[in-house]
$ cat run04.txt   # compact mmCIF, C-alpha atoms
# COMPACT_ATOMS: atom_id res chain seq x y z
CA MET A 154 14.47 -31.93 -49.55
CA PRO A 155 11.67 -29.56 -48.55
CA PHE A 156 11.85 -25.89 -49.36
CA GLU A 157 13.83 -23.98 -46.73
CA ARG A 158 14.25 -20.31 -46.05
CA ARG A 159 17.30 -18.65 -44.52
CA ILE A 160 16.52 -16.54 -41.44
CA ALA A 161 18.62 -14.43 -39.12
CA VAL A 162 17.58 -13.71 -35.55
CA THR A 163 19.29 -12.23 -32.55
CA VAL A 164 18.42 -14.24 -29.46
CA ASN A 165 19.55 -12.95 -26.07
CA GLY A 166 22.12 -10.76 -27.80
CA VAL A 167 23.59 -13.52 -30.00
CA ARG A 168 22.97 -13.52 -33.75
CA HIS A 169 21.95 -16.82 -35.33
CA GLU A 170 21.47 -17.68 -39.00
CA ARG A 171 19.75 -20.90 -39.97
CA SER A 172 17.85 -22.46 -42.83
CA VAL A 173 14.37 -23.46 -41.70
CA GLU A 174 11.24 -24.94 -43.17
CA PRO A 175 8.59 -22.22 -43.48
CA ARG A 176 6.22 -24.20 -41.21
CA LEU A 177 8.72 -24.58 -38.34
CA LEU A 178 7.33 -23.13 -35.11
CA LEU A 179 9.43 -20.60 -33.23
CA SER A 180 9.24 -22.76 -30.09
CA ASP A 181 10.73 -25.70 -32.02
CA PHE A 182 13.37 -23.45 -33.59
CA LEU A 183 14.47 -22.19 -30.17
CA ARG A 184 14.41 -25.58 -28.47
CA GLN A 185 15.67 -27.85 -31.25
CA MET A 186 17.85 -25.70 -33.47
CA LEU A 187 19.32 -23.32 -30.88
CA ASN A 188 19.13 -25.68 -27.87
CA LEU A 189 17.41 -23.00 -25.77
CA THR A 190 15.17 -25.33 -23.82
CA GLY A 191 14.03 -22.78 -21.24
CA THR A 192 11.11 -21.94 -23.51
CA HIS A 193 8.55 -24.53 -22.46
CA VAL A 194 5.80 -25.96 -24.62
CA GLY A 195 2.61 -26.79 -22.77
CA CYS A 196 -0.68 -26.75 -24.63
CA GLU A 197 0.69 -26.04 -28.15
CA GLN A 198 -2.45 -23.93 -28.74
CA GLY A 199 -1.39 -20.58 -27.27
CA ILE A 200 -3.65 -20.95 -24.24
CA CYS A 201 -1.25 -21.67 -21.37
CA GLY A 202 1.44 -19.04 -22.02
CA ALA A 203 4.34 -21.32 -21.06
CA CYS A 204 6.03 -20.72 -24.43
CA THR A 205 5.87 -16.91 -24.25
CA VAL A 206 9.01 -15.09 -25.41
CA LEU A 207 9.74 -11.50 -26.38
CA ILE A 208 10.09 -10.49 -30.02
CA ASP A 209 11.27 -6.92 -30.41
CA GLY A 210 9.97 -6.28 -26.88
CA ASP A 211 6.50 -7.73 -27.44
CA SER A 212 5.38 -10.91 -25.72
CA VAL A 213 4.31 -13.61 -28.17
CA ARG A 214 3.36 -17.26 -28.00
CA SER A 215 6.23 -19.09 -29.65
CA CYS A 216 4.02 -22.15 -30.23
CA LEU A 217 1.79 -20.05 -32.53
CA THR A 218 4.57 -18.10 -34.23
CA LEU A 219 6.54 -19.39 -37.17
CA ALA A 220 10.31 -19.07 -37.02
CA VAL A 221 10.26 -17.22 -40.37
CA GLN A 222 8.08 -14.54 -38.76
CA ALA A 223 10.98 -13.73 -36.42
CA ASP A 224 13.42 -13.12 -39.27
CA ASN A 225 15.62 -10.09 -38.49
CA ALA A 226 14.07 -9.69 -35.04
CA GLU A 227 15.48 -9.42 -31.53
CA LEU A 228 14.26 -12.26 -29.32
CA ARG A 229 14.58 -12.69 -25.61
CA THR A 230 14.01 -16.00 -23.90
CA VAL A 231 14.29 -16.93 -20.25
CA GLU A 232 17.98 -17.70 -20.84
CA GLY A 233 18.44 -13.96 -21.50
CA HIS A 234 17.22 -12.96 -18.04
CA GLY A 235 20.08 -14.17 -15.91
CA GLN A 236 21.82 -17.20 -14.52
CA ALA A 237 21.59 -18.92 -11.14
CA GLN A 238 24.55 -16.93 -9.82
CA SER A 239 23.35 -13.58 -11.25
CA LEU A 240 19.56 -13.39 -11.40
CA SER A 241 17.80 -10.55 -13.18
CA ALA A 242 15.79 -8.12 -11.04
CA LEU A 243 12.57 -9.82 -12.10
CA GLN A 244 13.93 -13.28 -11.26
CA ARG A 245 15.00 -11.97 -7.84
CA THR A 246 11.48 -10.71 -7.11
CA PHE A 247 10.07 -14.08 -8.16
CA LYS A 248 12.47 -15.76 -5.74
CA GLN A 249 11.81 -13.31 -2.90
CA CYS A 250 8.04 -13.58 -3.29
CA HIS A 251 8.08 -17.39 -3.70
CA ALA A 252 6.30 -16.92 -7.03
CA LEU A 253 7.21 -20.29 -8.45
CA GLN A 254 6.87 -23.89 -7.49
CA CYS A 255 7.47 -26.43 -10.25
CA GLY A 256 8.79 -23.68 -12.55
CA PHE A 257 7.23 -24.94 -15.78
CA CYS A 258 5.20 -21.77 -16.34
CA THR A 259 7.88 -19.39 -15.03
CA PRO A 260 9.67 -18.60 -18.34
CA GLY A 261 6.38 -17.54 -19.92
CA PHE A 262 5.40 -15.49 -16.89
CA LEU A 263 8.76 -13.69 -16.89
CA ALA A 264 8.36 -12.70 -20.56
CA THR A 265 4.76 -11.60 -20.03
CA ILE A 266 5.63 -9.59 -16.94
CA GLU A 267 8.61 -7.90 -18.59
CA ASP A 268 6.29 -6.82 -21.41
CA MET A 269 3.67 -5.62 -18.87
CA LEU A 270 6.19 -3.59 -16.89
CA ASN A 271 7.39 -1.86 -20.05
CA LYS A 272 3.97 -1.05 -21.50
CA TYR A 273 1.18 -0.75 -18.99
CA PRO A 274 0.41 1.15 -15.83
CA LEU A 275 -0.06 -1.56 -13.23
CA GLU A 276 -2.12 0.54 -10.88
CA ASN A 277 -3.76 -2.24 -8.91
CA GLU A 278 -3.93 -5.96 -8.32
CA ASN A 279 -7.02 -6.38 -10.51
CA ARG A 280 -5.20 -4.87 -13.52
CA ILE A 281 -2.19 -7.10 -12.89
CA ARG A 282 -4.41 -10.19 -12.70
CA GLU A 283 -6.16 -9.16 -15.91
CA LEU A 284 -2.85 -8.82 -17.76
CA LEU A 285 -1.61 -12.15 -16.36
CA SER A 286 -4.80 -13.98 -17.31
CA GLY A 287 -3.24 -15.40 -20.48
CA ASN A 288 -0.67 -17.37 -18.48
CA LEU A 289 -1.68 -20.46 -16.57
CA CYS A 290 -0.06 -21.89 -13.45
CA ARG A 291 -1.20 -25.10 -11.83
CA CYS A 292 0.88 -24.79 -8.66
CA THR A 293 1.03 -21.33 -7.10
CA GLY A 294 -2.51 -20.02 -6.81
CA TYR A 295 -1.22 -16.81 -8.47
CA GLN A 296 -1.07 -14.57 -5.38
CA ASN A 297 2.71 -14.86 -5.06
CA ILE A 298 3.08 -14.12 -8.78
CA VAL A 299 0.94 -11.00 -8.37
CA ASP A 300 3.06 -10.04 -5.34
CA ALA A 301 6.21 -10.45 -7.47
CA VAL A 302 4.77 -8.17 -10.16
CA ILE A 303 3.93 -5.54 -7.53
CA ALA A 304 7.45 -5.79 -6.09
CA ALA A 305 9.01 -5.55 -9.56
CA ARG A 306 6.77 -2.57 -10.43
CA ASP A 307 7.74 -0.79 -7.22
CA ASP A 308 11.46 -1.56 -7.70
CA LEU A 309 11.29 -0.23 -11.25
CA ALA A 310 9.53 2.96 -10.11
CA GLN A 311 12.15 3.44 -7.39
CA SER A 312 14.99 2.97 -9.88
CA GLU A 313 13.43 5.42 -12.32
CA ALA A 314 12.98 8.00 -9.56
CA ALA A 315 16.60 7.58 -8.47
CA ASN A 316 17.79 7.98 -12.08
CA GLN A 317 15.78 11.18 -12.48
CA GLN A 318 17.18 12.51 -9.21
CA THR A 319 20.72 11.77 -10.36
CA GLN A 320 20.16 13.48 -13.73
CA GLN A 321 18.82 16.61 -12.02
CA GLU A 322 21.89 16.91 -9.79

$ encode --input "run04.txt" --output "structure tokens"
Amino acid sequence: MPFERRIAVTVNGVRHERSVEPRLLLSDFLRQMLNLTGTHVGCEQGICGACTVLIDGDSVRSCLTLAVQADNAELRTVEGHGQAQSLSALQRTFKQCHALQCGFCTPGFLATIEDMLNKYPLENENRIRELLSGNLCRCTGYQNIVDAVIAARDDLAQSEAANQQTQQE
């Protein structure tokens, strides 16, 4: 039996402990050991972005990350965003802006965009396109995805303004 290492991760708010081979990829851990198949594997070289997930709030390529590197971390996959009957705000903007077609790239885009919204000023369409450049889509032509990011950015700004207004009252 190969050497295994015990890891503990919290994925979408649920703690998991497993023994894994040190060379096991995070994408394989999520898909095969936790049955979270929403994380898609495309190129397996970190180029397409389909496998992007959040680790402690940072977007990472799960096909280039070893499961042992996520030990004691908080992970968020597409399954942590929402369900068909209760979509997250970001999923709703994707739906409203028709920002998906086949959906294969969508989980990676959602993780990337969540990271972008939390970290970067998205002052214009060029900046948004630059930050999205690590995620590939073969169906949409990107404009609707950019529109969804703008809508999500504006919704977030509106929510933050409303929260500040409420706190001042």

$ closest_residue --input "run04.txt" --among "A:Thr319, A:Thr192, A:Ser239, A:Thr265" --to "Leu284 of chain A" --atoms "all atoms listed in the file"
A:Thr265

$ closest_residue --input "run04.txt" --among "A:Cys258, A:Val231, A:Ala223, A:Ala305" --to "Cys292 of chain A" --atoms "only C-alpha atoms"
A:Cys258

$ atom_distance --input "run04.txt" --atom1 "atom CA of Gly195 of chain A" --atom2 "atom CA of Val213 of chain A"
14.3 Å

$ atom_distance --input "run04.txt" --atom1 "atom CA of Cys201 of chain A" --atom2 "atom CA of Ala264 of chain A"
13.2 Å

$ closest_residue --input "run04.txt" --among "A:His251, A:His234, A:Lys272, A:Arg245" --to "Val299 of chain A" --atoms "all atoms listed in the file"
A:His251

$ residues_near_point --input "run04.txt" --point "(17.5, -14.4, -32.5)" --cutoff "7 Å" --atoms "only C-alpha atoms" --output "count of residues only"
11

$ atom_distance --input "run04.txt" --atom1 "atom CA of Cys204 of chain A" --atom2 "atom CA of Gly261 of chain A"
5.5 Å

$ closest_residue --input "run04.txt" --among "A:Glu322, A:Glu276, A:Asp181, A:Asp224" --to "Arg306 of chain A" --atoms "all atoms listed in the file"
A:Glu276

$ residues_around --input "run04.txt" --residues "Asn279 of chain A" --least-positions-apart "4" --cutoff "12 Å" --atoms "only C-alpha atoms" --output "PyMOL selection string"
chain A and resi 274-275+283-286+296+299-300+302-303

$ residues_around --input "run04.txt" --residues "Leu289 of chain A" --least-positions-apart "6" --cutoff "9 Å" --atoms "all atoms listed in the file" --output "ChimeraX atom specification"
/A:200-203,258,262,295

$ closest_residue --input "run04.txt" --among "A:Ser312, A:Ser215, A:Gln238, A:Gln222" --to "Arg158 of chain A" --atoms "all atoms listed in the file"
A:Gln222

$ closest_residue --input "run04.txt" --among "A:Glu157, A:Leu189, A:Ala220, A:Gln198" --to "Gly287 of chain A" --atoms "all atoms listed in the file"
A:Gln198

$ residues_around --input "run04.txt" --residues "Thr218 of chain A" --least-positions-apart "4" --cutoff "10 Å" --atoms "all atoms listed in the file" --output "list in words"
Arg176, Leu177, Leu178, Leu179, Ser180, Gly199, Val213, Arg214, Gln222 and Ala223 of chain A

$ axis_aligned_box --input "run04.txt" --around "segment 292-297 of chain A" --padding-each-side "6 Å" --output "JSON"
{"center_x": 0.1, "center_y": -19.7, "center_z": -6.9, "size_x": 17.2, "size_y": 22.2, "size_z": 15.6}

$ residues_around --input "run04.txt" --residues "Phe247 of chain A" --least-positions-apart "4" --cutoff "9 Å" --atoms "only C-alpha atoms" --output "tab-separated table (two decimals) with C-alpha atoms, in the frame of the given file"
chain	number	residue	atom	x	y	z
A	242	ALA	CA	15.79	-8.12	-11.04
A	243	LEU	CA	12.57	-9.82	-12.10
A	251	HIS	CA	8.08	-17.39	-3.70
A	252	ALA	CA	6.30	-16.92	-7.03
A	253	LEU	CA	7.21	-20.29	-8.45
A	259	THR	CA	7.88	-19.39	-15.03
A	263	LEU	CA	8.76	-13.69	-16.89
A	297	ASN	CA	2.71	-14.86	-5.06
A	298	ILE	CA	3.08	-14.12	-8.78
A	300	ASP	CA	3.06	-10.04	-5.34
A	301	ALA	CA	6.21	-10.45	-7.47
A	302	VAL	CA	4.77	-8.17	-10.16
A	304	ALA	CA	7.45	-5.79	-6.09
A	305	ALA	CA	9.01	-5.55	-9.56

$ build_atoms --input "run04.txt" --residues "segment 166-177 of chain A" --atoms "all heavy atoms" --output "short mmCIF file (atom, residue, chain, number, x, y, z; two decimals), in the coordinates of the input"
data_model
loop_
_atom_site.label_atom_id
_atom_site.label_comp_id
_atom_site.auth_asym_id
_atom_site.auth_seq_id
_atom_site.Cartn_x
_atom_site.Cartn_y
_atom_site.Cartn_z
N GLY A 166 20.91 -11.48 -27.43
CA GLY A 166 22.12 -10.76 -27.80
C GLY A 166 23.06 -11.50 -28.73
O GLY A 166 24.08 -10.95 -29.14
N VAL A 167 22.73 -12.73 -29.12
CA VAL A 167 23.59 -13.52 -30.00
C VAL A 167 22.87 -13.71 -31.34
O VAL A 167 21.74 -14.17 -31.38
CB VAL A 167 23.92 -14.90 -29.37
CG1 VAL A 167 24.77 -15.73 -30.31
CG2 VAL A 167 24.60 -14.72 -28.02
N ARG A 168 23.56 -13.38 -32.41
CA ARG A 168 22.97 -13.52 -33.75
C ARG A 168 23.09 -14.98 -34.22
O ARG A 168 24.14 -15.60 -34.09
CB ARG A 168 23.67 -12.59 -34.73
CG ARG A 168 23.03 -12.57 -36.11
CD ARG A 168 23.62 -11.43 -36.94
NE ARG A 168 23.25 -11.54 -38.33
CZ ARG A 168 22.12 -11.11 -38.84
NH1 ARG A 168 21.23 -10.54 -38.06
NH2 ARG A 168 21.86 -11.22 -40.13
N HIS A 169 21.99 -15.46 -34.79
CA HIS A 169 21.95 -16.82 -35.33
C HIS A 169 21.39 -16.77 -36.75
O HIS A 169 20.41 -16.05 -37.00
CB HIS A 169 21.02 -17.71 -34.49
CG HIS A 169 21.42 -17.84 -33.07
ND1 HIS A 169 22.34 -18.77 -32.64
CD2 HIS A 169 21.04 -17.15 -31.97
CE1 HIS A 169 22.49 -18.67 -31.33
NE2 HIS A 169 21.72 -17.68 -30.91
N GLU A 170 22.00 -17.52 -37.64
CA GLU A 170 21.47 -17.68 -39.00
C GLU A 170 21.28 -19.16 -39.23
O GLU A 170 22.17 -19.97 -38.99
CB GLU A 170 22.42 -17.08 -40.03
CG GLU A 170 22.52 -15.57 -39.94
CD GLU A 170 23.32 -14.97 -41.08
OE1 GLU A 170 23.33 -15.55 -42.19
OE2 GLU A 170 23.92 -13.91 -40.85
N ARG A 171 20.08 -19.51 -39.72
CA ARG A 171 19.75 -20.90 -39.97
C ARG A 171 18.83 -20.99 -41.18
O ARG A 171 18.08 -20.06 -41.47
CB ARG A 171 19.03 -21.55 -38.79
CG ARG A 171 19.78 -21.59 -37.48
CD ARG A 171 20.86 -22.68 -37.50
NE ARG A 171 21.43 -22.90 -36.18
CZ ARG A 171 22.31 -22.13 -35.58
NH1 ARG A 171 22.71 -21.01 -36.15
NH2 ARG A 171 22.79 -22.44 -34.39
N SER A 172 18.84 -22.13 -41.81
CA SER A 172 17.85 -22.46 -42.83
C SER A 172 16.74 -23.25 -42.16
O SER A 172 17.03 -24.22 -41.45
CB SER A 172 18.47 -23.27 -43.96
OG SER A 172 19.38 -22.48 -44.69
N VAL A 173 15.50 -22.82 -42.37
CA VAL A 173 14.37 -23.46 -41.70
C VAL A 173 13.25 -23.72 -42.70
O VAL A 173 13.13 -23.02 -43.70
CB VAL A 173 13.83 -22.60 -40.54
CG1 VAL A 173 14.89 -22.36 -39.49
CG2 VAL A 173 13.27 -21.28 -41.04
N GLU A 174 12.46 -24.72 -42.40
CA GLU A 174 11.24 -24.94 -43.17
C GLU A 174 10.26 -23.83 -42.81
O GLU A 174 10.17 -23.44 -41.64
CB GLU A 174 10.63 -26.30 -42.85
CG GLU A 174 11.43 -27.45 -43.39
CD GLU A 174 10.70 -28.77 -43.20
OE1 GLU A 174 9.46 -28.79 -43.29
OE2 GLU A 174 11.38 -29.77 -42.95
N PRO A 175 9.52 -23.32 -43.76
CA PRO A 175 8.59 -22.22 -43.48
C PRO A 175 7.55 -22.55 -42.41
O PRO A 175 7.05 -21.66 -41.75
CB PRO A 175 7.91 -21.96 -44.82
CG PRO A 175 8.89 -22.44 -45.83
CD PRO A 175 9.59 -23.61 -45.18
N ARG A 176 7.25 -23.80 -42.19
CA ARG A 176 6.22 -24.20 -41.21
C ARG A 176 6.79 -24.48 -39.82
O ARG A 176 6.05 -24.81 -38.91
CB ARG A 176 5.47 -25.42 -41.71
CG ARG A 176 6.36 -26.63 -41.80
CD ARG A 176 5.65 -27.81 -42.38
NE ARG A 176 6.59 -28.92 -42.44
CZ ARG A 176 6.26 -30.14 -42.67
NH1 ARG A 176 5.00 -30.45 -42.87
NH2 ARG A 176 7.16 -31.08 -42.71
N LEU A 177 8.10 -24.31 -39.64
CA LEU A 177 8.72 -24.58 -38.34
C LEU A 177 8.26 -23.55 -37.31
O LEU A 177 8.36 -22.34 -37.54
CB LEU A 177 10.25 -24.54 -38.45
CG LEU A 177 11.02 -24.81 -37.16
CD1 LEU A 177 10.86 -26.27 -36.74
CD2 LEU A 177 12.49 -24.46 -37.33
#
